[in-house]
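Source file: run_17.txt (compact mmCIF, C-alpha atoms)
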# COMPACT_ATOMS: atom_id res chain seq x y z
CA MET A 17 0.00 0.00 0.00
CA SER A 18 3.02 2.32 0.03
CA SER A 19 2.10 3.22 -3.56
CA TRP A 20 -0.93 5.12 -2.26
CA PRO A 21 -1.60 7.77 -4.95
CA LEU A 22 -1.92 10.70 -2.53
CA LYS A 23 1.34 9.97 -0.71
CA ASP A 24 3.45 13.15 -0.45
CA VAL A 25 1.52 15.00 -3.18
CA CYS A 26 0.75 17.85 -0.77
CA ILE A 27 2.57 19.72 1.96
CA ILE A 28 1.66 21.88 4.91
CA ALA A 29 3.32 25.12 3.88
CA GLY A 30 2.36 27.45 6.71
CA ILE A 31 0.83 27.57 10.17
CA GLY A 32 -0.66 30.28 12.36
CA THR A 33 -1.61 30.50 16.04
CA VAL A 34 -3.44 33.29 17.87
CA GLY A 35 -3.74 33.01 21.62
CA TYR A 36 -4.44 30.90 23.48
CA PHE A 37 -6.27 33.03 26.04
CA ARG A 38 -8.24 32.29 29.17
CA ARG A 39 -10.59 34.92 27.82
CA CYS A 40 -10.44 37.72 25.27
CA ASP A 41 -12.70 40.45 23.93
CA ARG A 42 -12.01 39.76 20.26
CA THR A 43 -14.49 38.13 17.92
CA GLU A 44 -14.12 34.66 16.43
CA LEU A 45 -13.80 36.34 13.02
CA SER A 46 -10.94 38.57 14.15
CA LEU A 47 -9.09 35.60 15.65
CA ALA A 48 -9.58 33.49 12.52
CA VAL A 49 -8.42 36.27 10.19
CA GLU A 50 -5.19 36.73 12.13
CA ALA A 51 -4.47 32.98 12.26
CA VAL A 52 -4.95 32.58 8.50
CA LEU A 53 -2.86 35.67 7.77
CA GLN A 54 -0.09 34.20 9.91
CA ALA A 55 -0.30 30.88 8.05
CA SER A 56 -0.11 32.54 4.63
CA GLN A 57 2.80 34.76 5.70
CA ASP A 58 4.54 31.73 7.19
CA ALA A 59 4.21 30.04 3.79
CA GLY A 60 5.44 33.14 1.96
CA MET A 61 2.13 33.37 0.13
CA ASP A 62 -0.26 36.23 -0.53
CA VAL A 63 -3.45 35.44 1.37
CA LYS A 64 -5.41 36.19 -1.80
CA GLU A 65 -3.87 33.10 -3.40
CA ILE A 66 -5.94 30.95 -1.05
CA ASP A 67 -8.85 29.46 -2.97
CA GLY A 68 -10.04 26.79 -0.55
CA VAL A 69 -11.33 27.38 2.99
CA ILE A 70 -12.22 24.57 5.39
CA THR A 71 -13.31 24.63 9.01
CA TYR A 72 -15.34 22.74 11.56
CA GLN A 73 -17.56 23.90 14.36
CA TYR A 74 -19.55 22.55 17.25
CA ASN A 75 -22.94 24.03 18.10
CA ASN A 76 -22.23 27.12 15.97
CA ASP A 77 -19.21 28.15 18.02
CA SER A 78 -17.22 29.66 15.13
CA ILE A 79 -17.52 31.65 11.92
CA ARG A 80 -18.26 30.42 8.41
CA PRO A 81 -15.74 30.10 5.56
CA GLN A 82 -17.61 32.73 3.53
CA GLU A 83 -17.25 35.29 6.33
CA LEU A 84 -13.53 34.59 6.57
CA ALA A 85 -13.03 34.80 2.81
CA GLN A 86 -14.83 38.13 2.65
CA ALA A 87 -12.83 39.56 5.55
CA LEU A 88 -9.54 38.50 3.92
CA GLY A 89 -10.52 39.74 0.48
CA ILE A 90 -10.09 36.34 -1.14
CA PRO A 91 -11.19 37.01 -4.72
CA ARG A 92 -12.38 33.51 -5.60
CA MET A 93 -13.17 30.64 -3.27
CA ARG A 94 -13.26 27.49 -5.37
CA LEU A 95 -13.80 25.20 -2.40
CA TRP A 96 -15.38 25.75 1.00
CA ILE A 97 -16.46 23.29 3.64
CA GLU A 98 -17.90 23.77 7.11
CA ASN A 99 -18.16 20.48 8.96
CA TYR A 100 -19.65 19.46 12.25
CA LEU A 101 -18.57 17.13 15.10
CA GLY A 102 -15.40 18.89 16.14
CA GLY A 103 -12.24 16.87 16.48
CA THR A 104 -13.50 13.60 15.06
CA VAL A 105 -13.27 15.14 11.59
CA GLY A 106 -9.79 16.65 11.92
CA ALA A 107 -7.99 14.22 9.62
CA GLU A 108 -10.99 14.12 7.30
CA LEU A 109 -10.69 17.84 6.59
CA MET A 110 -6.97 17.52 5.92
CA ALA A 111 -7.81 14.69 3.52
CA ILE A 112 -10.40 16.83 1.74
CA ALA A 113 -7.80 19.56 1.27
CA VAL A 114 -5.35 17.06 -0.23
CA MET A 115 -7.94 15.48 -2.52
CA ALA A 116 -9.19 18.88 -3.69
CA ILE A 117 -5.68 20.00 -4.62
CA HIS A 118 -4.82 16.68 -6.25
CA CYS A 119 -7.90 16.71 -8.49
CA GLY A 120 -7.60 20.40 -9.37
CA MET A 121 -10.58 21.82 -7.47
CA ALA A 122 -8.31 24.19 -5.54
CA LYS A 123 -4.64 25.12 -5.34
CA ASN A 124 -4.12 26.47 -1.83
CA VAL A 125 -6.43 25.33 0.96
CA VAL A 126 -6.46 26.67 4.50
CA VAL A 127 -7.91 24.71 7.40
CA TYR A 128 -8.74 26.82 10.45
CA ARG A 129 -10.36 26.59 13.86
CA SER A 130 -11.51 29.69 15.71
CA ALA A 131 -13.50 29.58 18.95
CA LYS A 132 -14.07 31.24 22.29
CA HIS A 133 -14.70 28.25 24.49
CA ARG A 134 -13.66 30.12 27.60
CA SER A 135 -15.62 33.35 27.26
CA GLY A 136 -17.98 32.68 24.35
CA ARG A 137 -21.45 31.25 24.07
CA VAL A 138 -20.50 27.58 23.74
CA ARG A 139 -18.52 25.88 26.51
CA ILE A 140 -17.43 22.27 26.93
CA GLY A 141 -19.58 21.61 29.97
CA GLY A 142 -22.65 23.24 28.47
CA SER A 143 -23.94 26.64 27.43
CA GLY A 144 -26.14 27.29 30.44
CA ALA A 145 -29.23 26.19 28.52
CA SER A 146 -31.31 23.22 29.57
CA ALA A 147 -30.16 19.85 28.25
CA ASP A 148 -31.89 18.25 25.28
CA THR A 149 -34.48 15.71 26.40
CA GLY A 150 -35.89 14.47 23.11
CA GLY A 151 -35.42 10.98 21.71
CA LEU A 152 -32.78 8.91 23.45
CA GLU A 153 -31.83 11.85 25.66
CA GLN A 154 -35.02 11.45 27.73
CA PHE A 155 -33.66 8.23 29.17
CA LEU A 156 -30.19 9.65 29.91
CA VAL A 157 -30.41 13.26 31.08
CA PRO A 158 -32.46 12.50 34.24
CA TYR A 159 -29.64 10.19 35.36
CA GLY A 160 -26.93 12.80 34.84
CA TRP A 161 -25.79 11.93 31.30
CA ALA A 162 -26.12 15.51 30.21
CA ASN A 163 -22.75 16.95 29.20
CA PHE A 164 -19.28 16.34 27.83
CA PHE A 165 -18.01 14.99 31.15
CA THR A 166 -20.73 12.52 32.05
CA SER A 167 -21.12 11.21 28.50
CA THR A 168 -17.49 10.03 28.29
CA ALA A 169 -16.81 8.84 31.83
CA PRO A 170 -18.54 5.44 31.32
CA GLU A 171 -15.88 4.54 28.73
CA ALA A 172 -13.21 4.97 31.38
CA VAL A 173 -15.13 2.91 33.93
CA ARG A 174 -15.54 0.14 31.37
CA HIS A 175 -11.83 0.26 30.46
CA MET A 176 -10.94 0.01 34.15
CA TYR A 177 -13.27 -2.95 34.59
CA GLU A 178 -11.98 -4.85 31.56
CA PHE A 179 -8.25 -4.21 31.87
CA GLY A 180 -7.47 -3.02 35.38
CA THR A 181 -6.70 0.52 34.21
CA LYS A 182 -6.12 2.76 37.22
CA GLU A 183 -6.84 6.35 38.07
CA GLU A 184 -3.09 6.84 38.31
CA HIS A 185 -2.81 5.85 34.64
CA LEU A 186 -5.16 8.70 33.73
CA GLY A 187 -3.04 10.88 35.98
CA SER A 188 0.11 9.96 34.06
CA VAL A 189 -1.49 11.31 30.89
CA ALA A 190 -2.52 14.55 32.60
CA LEU A 191 0.90 15.06 34.21
CA ASN A 192 2.62 14.60 30.85
CA ALA A 193 0.32 17.16 29.23
CA TYR A 194 0.86 19.83 31.87
CA ALA A 195 4.61 19.23 32.01
CA ASN A 196 4.79 19.86 28.27
CA ALA A 197 2.49 22.88 28.48
CA ALA A 198 4.91 24.45 30.95
CA LEU A 199 7.34 24.82 28.02
CA ASN A 200 4.78 26.24 25.59
CA GLU A 201 4.18 29.97 25.44
CA HIS A 202 0.83 29.45 23.72
CA ALA A 203 -0.56 26.98 26.26
CA VAL A 204 -3.48 28.16 28.35
CA GLY A 205 -2.30 25.65 30.97
CA LYS A 206 1.23 27.05 31.21
CA GLY A 207 2.08 27.53 34.88
CA TRP A 208 -1.06 25.70 35.91
CA GLY A 209 -2.09 22.12 36.56
CA PRO A 210 -0.73 19.26 38.70
CA LYS A 211 3.00 18.71 39.01
CA THR A 212 2.92 15.49 41.01
CA MET A 213 0.69 12.42 41.15
CA ALA A 214 -0.30 13.39 44.68
CA GLU A 215 -1.57 16.77 43.43
CA TYR A 216 -3.49 15.02 40.69
CA MET A 217 -5.07 12.49 43.05
CA GLU A 218 -6.11 15.23 45.47
CA SER A 219 -8.08 17.10 42.78
CA PRO A 220 -11.88 16.77 42.70
CA TYR A 221 -13.82 14.48 40.41
CA LEU A 222 -15.87 15.98 37.60
CA ALA A 223 -17.34 12.63 36.57
CA TYR A 224 -15.78 9.51 38.05
CA PRO A 225 -13.06 8.47 37.32
CA PHE A 226 -12.21 11.74 35.58
CA ARG A 227 -10.83 14.57 37.71
CA ARG A 228 -10.53 18.26 36.91
CA TRP A 229 -7.24 17.71 35.02
CA ASP A 230 -8.56 14.91 32.82
CA PHE A 231 -10.53 17.08 30.39
CA ALA A 232 -9.49 19.47 27.66
CA SER A 233 -8.86 23.08 28.72
CA GLU A 234 -11.28 25.68 27.49
CA ALA A 235 -9.58 28.61 25.77
CA ASP A 236 -10.17 31.49 23.37
CA GLY A 237 -8.10 31.68 20.20
CA ALA A 238 -7.56 30.39 16.70
CA CYS A 239 -5.16 28.31 14.67
CA ALA A 240 -4.75 27.50 10.99
CA TYR A 241 -2.59 25.55 8.58
CA LEU A 242 -2.17 25.98 4.83
CA VAL A 243 -2.04 23.01 2.44
CA THR A 244 -0.63 23.28 -1.07
CA GLY A 245 0.99 21.11 -3.73
CA ALA A 246 4.37 19.50 -3.06
CA GLU A 247 5.84 21.30 -6.09
CA HIS A 248 6.05 24.41 -3.92
CA ALA A 249 8.29 22.74 -1.32
CA ARG A 250 11.46 24.48 -2.49
CA ASN A 251 9.94 27.95 -2.22
CA LEU A 252 9.15 27.84 1.49
CA ARG A 253 10.78 29.73 4.34
CA HIS A 254 10.84 26.57 6.45
CA LYS A 255 11.16 22.83 5.89
CA ALA A 256 8.27 21.45 3.87
CA VAL A 257 6.10 19.08 5.88
CA TYR A 258 4.71 16.36 3.63
CA ILE A 259 1.32 14.75 4.11
CA THR A 260 2.49 11.18 3.65
CA SER A 261 -0.59 9.24 4.71
CA LEU A 262 -4.21 9.77 5.69
CA ALA A 263 -6.91 7.37 6.85
CA GLN A 264 -10.22 7.42 8.65
CA SER A 265 -12.93 5.07 9.85
CA ALA A 266 -15.95 4.70 12.06
CA THR A 267 -16.39 1.82 14.47
CA PRO A 268 -19.05 -0.87 13.93
CA GLU A 269 -21.28 1.06 16.37
CA PRO A 270 -21.08 4.72 15.33
CA MET A 271 -24.54 5.68 16.54
CA HIS A 272 -24.99 9.38 17.26
CA ALA A 273 -28.12 10.88 18.70
CA GLY A 274 -28.81 14.25 20.24
CA ARG A 275 -25.93 16.33 21.58
CA PHE A 276 -23.69 13.44 22.60
CA ALA A 277 -22.58 10.06 21.29
CA HIS A 278 -24.44 7.00 22.51
CA TYR A 279 -23.69 3.41 21.64
CA ASP A 280 -23.77 -0.06 23.07
CA TYR A 281 -21.43 -0.08 26.07
CA GLY A 282 -21.58 -3.85 26.01
CA GLY A 283 -19.76 -3.89 22.66
CA ASN A 284 -16.06 -3.37 22.07
CA SER A 285 -16.28 0.04 20.40
CA ALA A 286 -16.66 1.87 23.70
CA ILE A 287 -13.20 0.77 24.86
CA GLU A 288 -11.53 0.49 21.46
CA GLY A 289 -12.16 3.67 19.47
CA SER A 290 -11.87 4.27 15.74
CA ALA A 291 -8.04 4.26 15.67
CA ALA A 292 -8.12 0.47 15.81
CA TYR A 293 -10.05 0.49 12.53
CA PHE A 294 -7.96 2.94 10.49
CA ALA A 295 -4.49 2.15 11.86
CA GLU A 296 -3.49 -0.45 9.26
CA ASP A 297 -4.54 1.83 6.40
CA LEU A 298 -2.64 4.71 7.94
CA PHE A 299 0.65 2.87 8.33
CA GLY A 300 0.20 0.85 5.15
CA ARG A 301 -0.33 3.90 2.95
CA ALA A 302 2.83 5.46 4.38
CA GLY A 303 4.81 2.24 4.06
CA MET A 304 5.86 2.67 7.68
CA SER A 305 5.78 0.83 10.98
CA ARG A 306 5.12 2.04 14.52
CA SER A 307 8.84 2.27 15.22
CA ASP A 308 9.19 4.95 12.51
CA ILE A 309 7.11 7.46 14.46
CA ASP A 310 9.18 10.08 16.28
CA VAL A 311 6.38 12.07 17.91
CA ALA A 312 2.62 11.52 18.27
CA LEU A 313 -0.06 14.18 18.53
CA LEU A 314 -3.17 12.40 19.77
CA TYR A 315 -6.59 13.92 20.28
CA ASP A 316 -7.10 14.18 24.02
CA ALA A 317 -10.52 15.60 24.82
CA ASN A 318 -10.04 13.47 27.92
CA SER A 319 -7.08 11.54 29.29
CA LEU A 320 -8.50 8.09 28.46
CA GLU A 321 -8.43 8.90 24.73
CA ILE A 322 -4.62 8.86 24.81
CA ILE A 323 -4.64 5.36 26.28
CA LYS A 324 -7.25 4.13 23.80
CA GLN A 325 -5.40 5.54 20.79
CA LEU A 326 -2.04 4.12 21.84
CA GLU A 327 -3.74 0.73 22.00
CA GLY A 328 -5.78 1.13 18.84
CA LEU A 329 -2.85 2.41 16.80
CA GLY A 330 -0.79 -0.59 17.87
CA PHE A 331 1.88 1.03 20.03
CA CYS A 332 0.84 -1.39 22.76
CA LYS A 333 -1.73 -4.16 23.16
CA GLN A 334 -5.30 -3.41 24.16
CA GLY A 335 -5.37 -3.19 27.91
CA ASP A 336 -1.69 -2.27 28.17
CA GLY A 337 -2.17 1.44 27.53
CA GLY A 338 -2.33 2.35 31.21
CA PRO A 339 1.00 0.75 32.17
CA PHE A 340 2.51 2.13 28.93
CA VAL A 341 1.78 5.76 29.83
CA ALA A 342 2.76 5.19 33.47
CA SER A 343 6.17 3.87 32.38
CA GLY A 344 7.20 7.29 31.10
CA ALA A 345 7.12 6.13 27.46
CA ILE A 346 5.08 9.16 26.36
CA GLY A 347 7.41 11.78 27.86
CA ARG A 348 9.45 14.13 25.68
CA THR A 349 12.50 11.87 25.99
CA GLY A 350 10.52 8.63 26.14
CA GLN A 351 9.91 5.87 23.63
CA LEU A 352 7.06 7.80 21.97
CA PRO A 353 6.75 11.49 22.92
CA VAL A 354 3.05 12.35 23.01
CA ASN A 355 1.40 15.79 22.82
CA THR A 356 4.55 17.79 23.28
CA SER A 357 2.59 21.06 23.22
CA GLY A 358 0.39 20.03 26.13
CA GLY A 359 -2.34 18.81 23.81
CA LEU A 360 -5.99 19.67 24.22
CA LEU A 361 -5.71 18.91 27.92
CA ALA A 362 -3.25 21.71 28.64
CA GLU A 363 -2.54 23.77 25.51
CA GLY A 364 -6.16 24.45 24.64
CA TYR A 365 -9.26 22.83 23.20
CA PHE A 366 -9.20 23.67 19.50
CA HIS A 367 -10.45 20.28 18.35
CA GLY A 368 -7.07 19.08 17.12
CA THR A 369 -6.03 21.77 14.65
CA ASN A 370 -3.49 22.92 17.21
CA LEU A 371 -2.12 19.36 17.31
CA VAL A 372 -1.41 19.57 13.58
CA ASN A 373 0.43 22.86 14.12
CA GLU A 374 2.54 21.26 16.85
CA ALA A 375 3.41 18.36 14.52
CA VAL A 376 4.63 20.89 11.96
CA GLU A 377 6.72 22.72 14.58
CA GLN A 378 8.31 19.46 15.71
CA LEU A 379 9.18 18.38 12.16
CA ARG A 380 10.59 21.80 11.29
CA GLY A 381 12.69 21.72 14.45
CA THR A 382 11.19 24.98 15.70
CA ALA A 383 9.45 23.75 18.87
CA GLY A 384 12.00 25.30 21.22
CA ALA A 385 12.33 23.79 24.70
CA ARG A 386 9.80 21.08 23.92
CA GLN A 387 11.58 19.97 20.73
CA VAL A 388 11.95 16.21 20.21
CA LYS A 389 15.49 15.55 18.96
CA ASP A 390 15.77 14.66 15.25
CA ALA A 391 12.00 14.40 14.74
CA GLU A 392 11.28 13.51 11.11
CA VAL A 393 8.00 11.59 11.29
CA ALA A 394 4.90 12.73 13.21
CA LEU A 395 1.59 10.98 13.68
CA TYR A 396 -1.63 12.92 14.21
CA SER A 397 -4.69 11.02 15.35
CA CYS A 398 -8.25 11.95 16.23
CA GLY A 399 -9.24 8.34 16.72
CA GLY A 400 -10.07 7.92 20.39
CA GLY A 401 -13.81 8.23 19.97
CA SER A 402 -16.18 5.48 18.97
CA THR A 403 -18.29 7.44 16.52
CA GLY A 404 -15.40 7.80 14.08
CA GLY A 405 -12.08 9.50 13.52
CA GLY A 406 -8.94 9.55 11.45
CA GLY A 407 -5.23 10.10 11.36
CA ALA A 408 -2.32 11.46 9.35
CA ILE A 409 1.37 10.75 9.09
CA LEU A 410 3.48 13.83 8.37
CA THR A 411 7.15 13.76 7.34
CA VAL A 412 10.09 15.90 6.34
CA LYS A 413 12.65 14.93 3.72

As structure tokens, the full file:
Amino acid sequence: MSSWPLKDVCIIAGIGTVGYFRRCDRTELSLAVEAVLQASQDAGMDVKEIDGVITYQYNNDSIRPQELAQALGIPRMRLWIENYLGGTVGAELMAIAVMAIHCGMAKNVVVYRSAKHRSGRVRIGGSGASADTGGLEQFLVPYGWANFFTSTAPEAVRHMYEFGTKEEHLGSVALNAYANAALNEHAVGKGWGPKTMAEYMESPYLAYPFRRWDFASEADGACAYLVTGAEHARNLRHKAVYITSLAQSATPEPMHAGRFAHYDYGGNSAIEGSAAYFAEDLFGRAGMSRSDIDVALLYDANSLEIIKQLEGLGFCKQGDGGPFVASGAIGRTGQLPVNTSGGLLAEGYFHGTNLVNEAVEQLRGTAGARQVKDAEVALYSCGGGSTGGGGAILTVK
């Protein structure tokens, strides 16, 4: 499968980051415009050369591609997409950008995420409005299954029951995230969070077994990356980052109803996640093995998703993810450095676009104090959830 026709046909030419703030008075449009301008300048490209605009939103928490294009003065938008479901579609949108460029629908495609999850209308734990109680929700909300926290905690309980996963294993993920965030000037969690396992274990539960440090950090800000054809690699100001492989999948039980995902907790999908279903395609299309990966950026809306993705992607056996993270393997100098920016847990919850930007920084060698030595291959995955997800392998030559 290493002859995959889209292998290395496109590159990420530029990235932009605005924030991340605990709160700000700027609009989502203003934040998005600055992030995209940064990405185009980083690529050495006039922003008006962008002809494809892609984003995703959750509960209308951002601004539309048309608004962004108008604000930037983009003369002709040949491709625009606004998707839903947040981070589960992260790799899908990168794939759409690559396919659009490869088939000639667009030449330069920007993917952006702009949100004010800390001070805006939509927050992770809810917007202050009453919970939906139609359909399946009527049987769940009265028992507390009403928000981001309570709808994902049962997966962790099931994983603990099946494999002996411990709260300390979740804590190892959180401690790694906040240790990395301490080295990241953009991280909303810089200078915050637990520094020891004792501090983690003393923190309150939000939804057992998840504690306050086990969920993504709300933040205001924006980030963007610019995809273009590989023929432009020699004209960049930085190393070209090649999109070497892409894959996505749903699980056999991808049911989605109402505001949150619901599926059969008696099945395997709840403790497996979609990464287990797209992993072989992802590595096969790149012609690579797990040992080739230098750094992994894994979607971590909660700490269990790191454990599930490490298992599903094949870095360890199912059930061994807890001991794997506790061993120190995911630290910056470990076997597989994970979420060197602090991830969604500690850098900020921008549904994974910021993870792509961190992968680019690592491969360029511009990540500063959090730089992984000689990083040449990065894996990005948004495959912890059971409703679907995807991944990408990015490389430098």

When distances are computed from all atoms listed in the file, which of A:Ala302, A:Ile70, A:Ala198, A:Met217 shows the smallest separation from Ala116 in chain A?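 Of A:Ala302, A:Ile70, A:Ala198, A:Met217, the one nearest Ala116 in chain A, counting all atoms listed in the file, is A:Ile70.
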
Could you name the residues that touch Ala55 in chain A at 9 Å or less, counting only C-alpha atoms, but leaving out those on the same chain fewer than 3 positions away, as a CSV table (one decimal) with C-alpha atoms, in the frame of the given file?
chain,number,residue,atom,x,y,z
A,29,ALA,CA,3.3,25.1,3.9
A,30,GLY,CA,2.4,27.4,6.7
A,31,ILE,CA,0.8,27.6,10.2
A,32,GLY,CA,-0.7,30.3,12.4
A,33,THR,CA,-1.6,30.5,16.0
A,50,GLU,CA,-5.2,36.7,12.1
A,51,ALA,CA,-4.5,33.0,12.3
A,52,VAL,CA,-5.0,32.6,8.5
A,58,ASP,CA,4.5,31.7,7.2
A,59,ALA,CA,4.2,30.0,3.8
A,60,GLY,CA,5.4,33.1,2.0
A,61,MET,CA,2.1,33.4,0.1
A,63,VAL,CA,-3.4,35.4,1.4
A,126,VAL,CA,-6.5,26.7,4.5
A,239,CYS,CA,-5.2,28.3,14.7
A,240,ALA,CA,-4.8,27.5,11.0
A,241,TYR,CA,-2.6,25.6,8.6
A,242,LEU,CA,-2.2,26.0,4.8

Please determine the residues with any atom at most 10 Å from (-13.5, 6.9, 13.2) (coordinates as given in the file, with only C-alpha atoms counting) and report them as a JSON list (two decimals) with C-alpha atoms, in the frame of the given file.
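result09.json was written with the following content:
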[["chain", "number", "residue", "atom", "x", "y", "z"],
["A", 104, "THR", "CA", -13.50, 13.60, 15.06],
["A", 105, "VAL", "CA", -13.27, 15.14, 11.59],
["A", 107, "ALA", "CA", -7.99, 14.22, 9.62],
["A", 108, "GLU", "CA", -10.99, 14.12, 7.30],
["A", 263, "ALA", "CA", -6.91, 7.37, 6.85],
["A", 264, "GLN", "CA", -10.22, 7.42, 8.65],
["A", 265, "SER", "CA", -12.93, 5.07, 9.85],
["A", 266, "ALA", "CA", -15.95, 4.70, 12.06],
["A", 267, "THR", "CA", -16.39, 1.82, 14.47],
["A", 268, "PRO", "CA", -19.05, -0.87, 13.93],
["A", 270, "PRO", "CA", -21.08, 4.72, 15.33],
["A", 289, "GLY", "CA", -12.16, 3.67, 19.47],
["A", 290, "SER", "CA", -11.87, 4.27, 15.74],
["A", 291, "ALA", "CA", -8.04, 4.26, 15.67],
["A", 292, "ALA", "CA", -8.12, 0.47, 15.81],
["A", 293, "TYR", "CA", -10.05, 0.49, 12.53],
["A", 294, "PHE", "CA", -7.96, 2.94, 10.49],
["A", 397, "SER", "CA", -4.69, 11.02, 15.35],
["A", 398, "CYS", "CA", -8.25, 11.95, 16.23],
["A", 399, "GLY", "CA", -9.24, 8.34, 16.72],
["A", 400, "GLY", "CA", -10.07, 7.92, 20.39],
["A", 401, "GLY", "CA", -13.81, 8.23, 19.97],
["A", 402, "SER", "CA", -16.18, 5.48, 18.97],
["A", 403, "THR", "CA", -18.29, 7.44, 16.52],
["A", 404, "GLY", "CA", -15.40, 7.80, 14.08],
["A", 405, "GLY", "CA", -12.08, 9.50, 13.52],
["A", 406, "GLY", "CA", -8.94, 9.55, 11.45],
["A", 407, "GLY", "CA", -5.23, 10.10, 11.36]]

Which value, in Å to one decimal, gives the distance between CA of Ala131 in chain A and CA of Pro170 in chain A? 27.6 Å

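Computed from the coordinates, the CA of Leu298 in chain A to CA of Leu326 in chain A distance equals 13.9 Å.
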
When you look at Val125 in chain A with a cut-off of 8 Å (counting all atoms listed in the file), what residues show up, excluding the ones that are within fewer than 3 positions of it in the same chain? I need them as a PyMOL selection string. chain A and resi 66-70+113+117+122+242-244

Residue nearest Asn373 in chain A among A:Val34, A:Gly337, A:Thr260, A:Ala385 (counting all atoms listed in the file):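 Selected residue with least distance to Asn373 in chain A: A:Val34.
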
Rounded to one decimal place, report the CA of Thr411 in chain A-CA of Leu379 in chain A distance in Å.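 For CA of Thr411 in chain A relative to CA of Leu379 in chain A, the distance reads 7.0 Å.
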
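Using only C-alpha atoms for every distance, the candidate list A:Ser261, A:Asn370, A:Gln387, A:Thr43 yields A:Ser261 as the residue closest to Val114 in chain A.
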
Could you list, as number ranges by chain, every residue within 12 Å of Glu184 in chain A, counting only C-alpha atoms and ignoring same-chain residues fewer than 2 positions away? A: 176, 180-182, 186-191, 212-218, 225-227, 230, 319-320, 338-343

Filtering to C-alpha atoms, could you give me those residues as a PDB file, in the coordinates of the input?
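result_32.pdb, written as the output of this step:
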ATOM      1  CA  MET A 176     -10.940   0.010  34.150  1.00  0.00           C
ATOM      2  CA  GLY A 180      -7.470  -3.020  35.380  1.00  0.00           C
ATOM      3  CA  THR A 181      -6.700   0.520  34.210  1.00  0.00           C
ATOM      4  CA  LYS A 182      -6.120   2.760  37.220  1.00  0.00           C
ATOM      5  CA  LEU A 186      -5.160   8.700  33.730  1.00  0.00           C
ATOM      6  CA  GLY A 187      -3.040  10.880  35.980  1.00  0.00           C
ATOM      7  CA  SER A 188       0.110   9.960  34.060  1.00  0.00           C
ATOM      8  CA  VAL A 189      -1.490  11.310  30.890  1.00  0.00           C
ATOM      9  CA  ALA A 190      -2.520  14.550  32.600  1.00  0.00           C
ATOM     10  CA  LEU A 191       0.900  15.060  34.210  1.00  0.00           C
ATOM     11  CA  THR A 212       2.920  15.490  41.010  1.00  0.00           C
ATOM     12  CA  MET A 213       0.690  12.420  41.150  1.00  0.00           C
ATOM     13  CA  ALA A 214      -0.300  13.390  44.680  1.00  0.00           C
ATOM     14  CA  GLU A 215      -1.570  16.770  43.430  1.00  0.00           C
ATOM     15  CA  TYR A 216      -3.490  15.020  40.690  1.00  0.00           C
ATOM     16  CA  MET A 217      -5.070  12.490  43.050  1.00  0.00           C
ATOM     17  CA  GLU A 218      -6.110  15.230  45.470  1.00  0.00           C
ATOM     18  CA  PRO A 225     -13.060   8.470  37.320  1.00  0.00           C
ATOM     19  CA  PHE A 226     -12.210  11.740  35.580  1.00  0.00           C
ATOM     20  CA  ARG A 227     -10.830  14.570  37.710  1.00  0.00           C
ATOM     21  CA  ASP A 230      -8.560  14.910  32.820  1.00  0.00           C
ATOM     22  CA  SER A 319      -7.080  11.540  29.290  1.00  0.00           C
ATOM     23  CA  LEU A 320      -8.500   8.090  28.460  1.00  0.00           C
ATOM     24  CA  GLY A 338      -2.330   2.350  31.210  1.00  0.00           C
ATOM     25  CA  PRO A 339       1.000   0.750  32.170  1.00  0.00           C
ATOM     26  CA  PHE A 340       2.510   2.130  28.930  1.00  0.00           C
ATOM     27  CA  VAL A 341       1.780   5.760  29.830  1.00  0.00           C
ATOM     28  CA  ALA A 342       2.760   5.190  33.470  1.00  0.00           C
ATOM     29  CA  SER A 343       6.170   3.870  32.380  1.00  0.00           C
TER      30      SER A 343
END

For range 163-171 of chain A, take all atoms listed in the file, fit an axis-aligned box around them, add 4 Å to each of the six sides, then output centre and edge lengths in Å rounded to one decimal, as AutoDock Vina command-line options.
--center_x -19.3 --center_y 10.7 --center_z 29.9 --size_x 14.9 --size_y 20.4 --size_z 12.2

Where atoms are absent from range 239-243 of chain A, fill them in so it carries N, CA, C and O atoms, then output it as a tab-separated table (two decimals), in the frame of the given file.
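Result went into result.tsv, see below:
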chain	number	residue	atom	x	y	z
A	239	CYS	N	-6.34	28.87	15.31
A	239	CYS	CA	-5.16	28.31	14.67
A	239	CYS	C	-5.53	27.89	13.25
A	239	CYS	O	-6.71	27.67	12.93
A	240	ALA	N	-4.51	27.81	12.40
A	240	ALA	CA	-4.75	27.50	10.99
A	240	ALA	C	-3.51	26.88	10.39
A	240	ALA	O	-2.39	27.13	10.85
A	241	TYR	N	-3.72	26.05	9.36
A	241	TYR	CA	-2.59	25.55	8.58
A	241	TYR	C	-2.97	25.57	7.10
A	241	TYR	O	-4.14	25.42	6.74
A	242	LEU	N	-1.96	25.78	6.27
A	242	LEU	CA	-2.17	25.98	4.83
A	242	LEU	C	-1.60	24.80	4.05
A	242	LEU	O	-0.41	24.47	4.18
A	243	VAL	N	-2.43	24.16	3.25
A	243	VAL	CA	-2.04	23.01	2.44
A	243	VAL	C	-1.91	23.43	0.99
A	243	VAL	O	-2.78	24.13	0.44
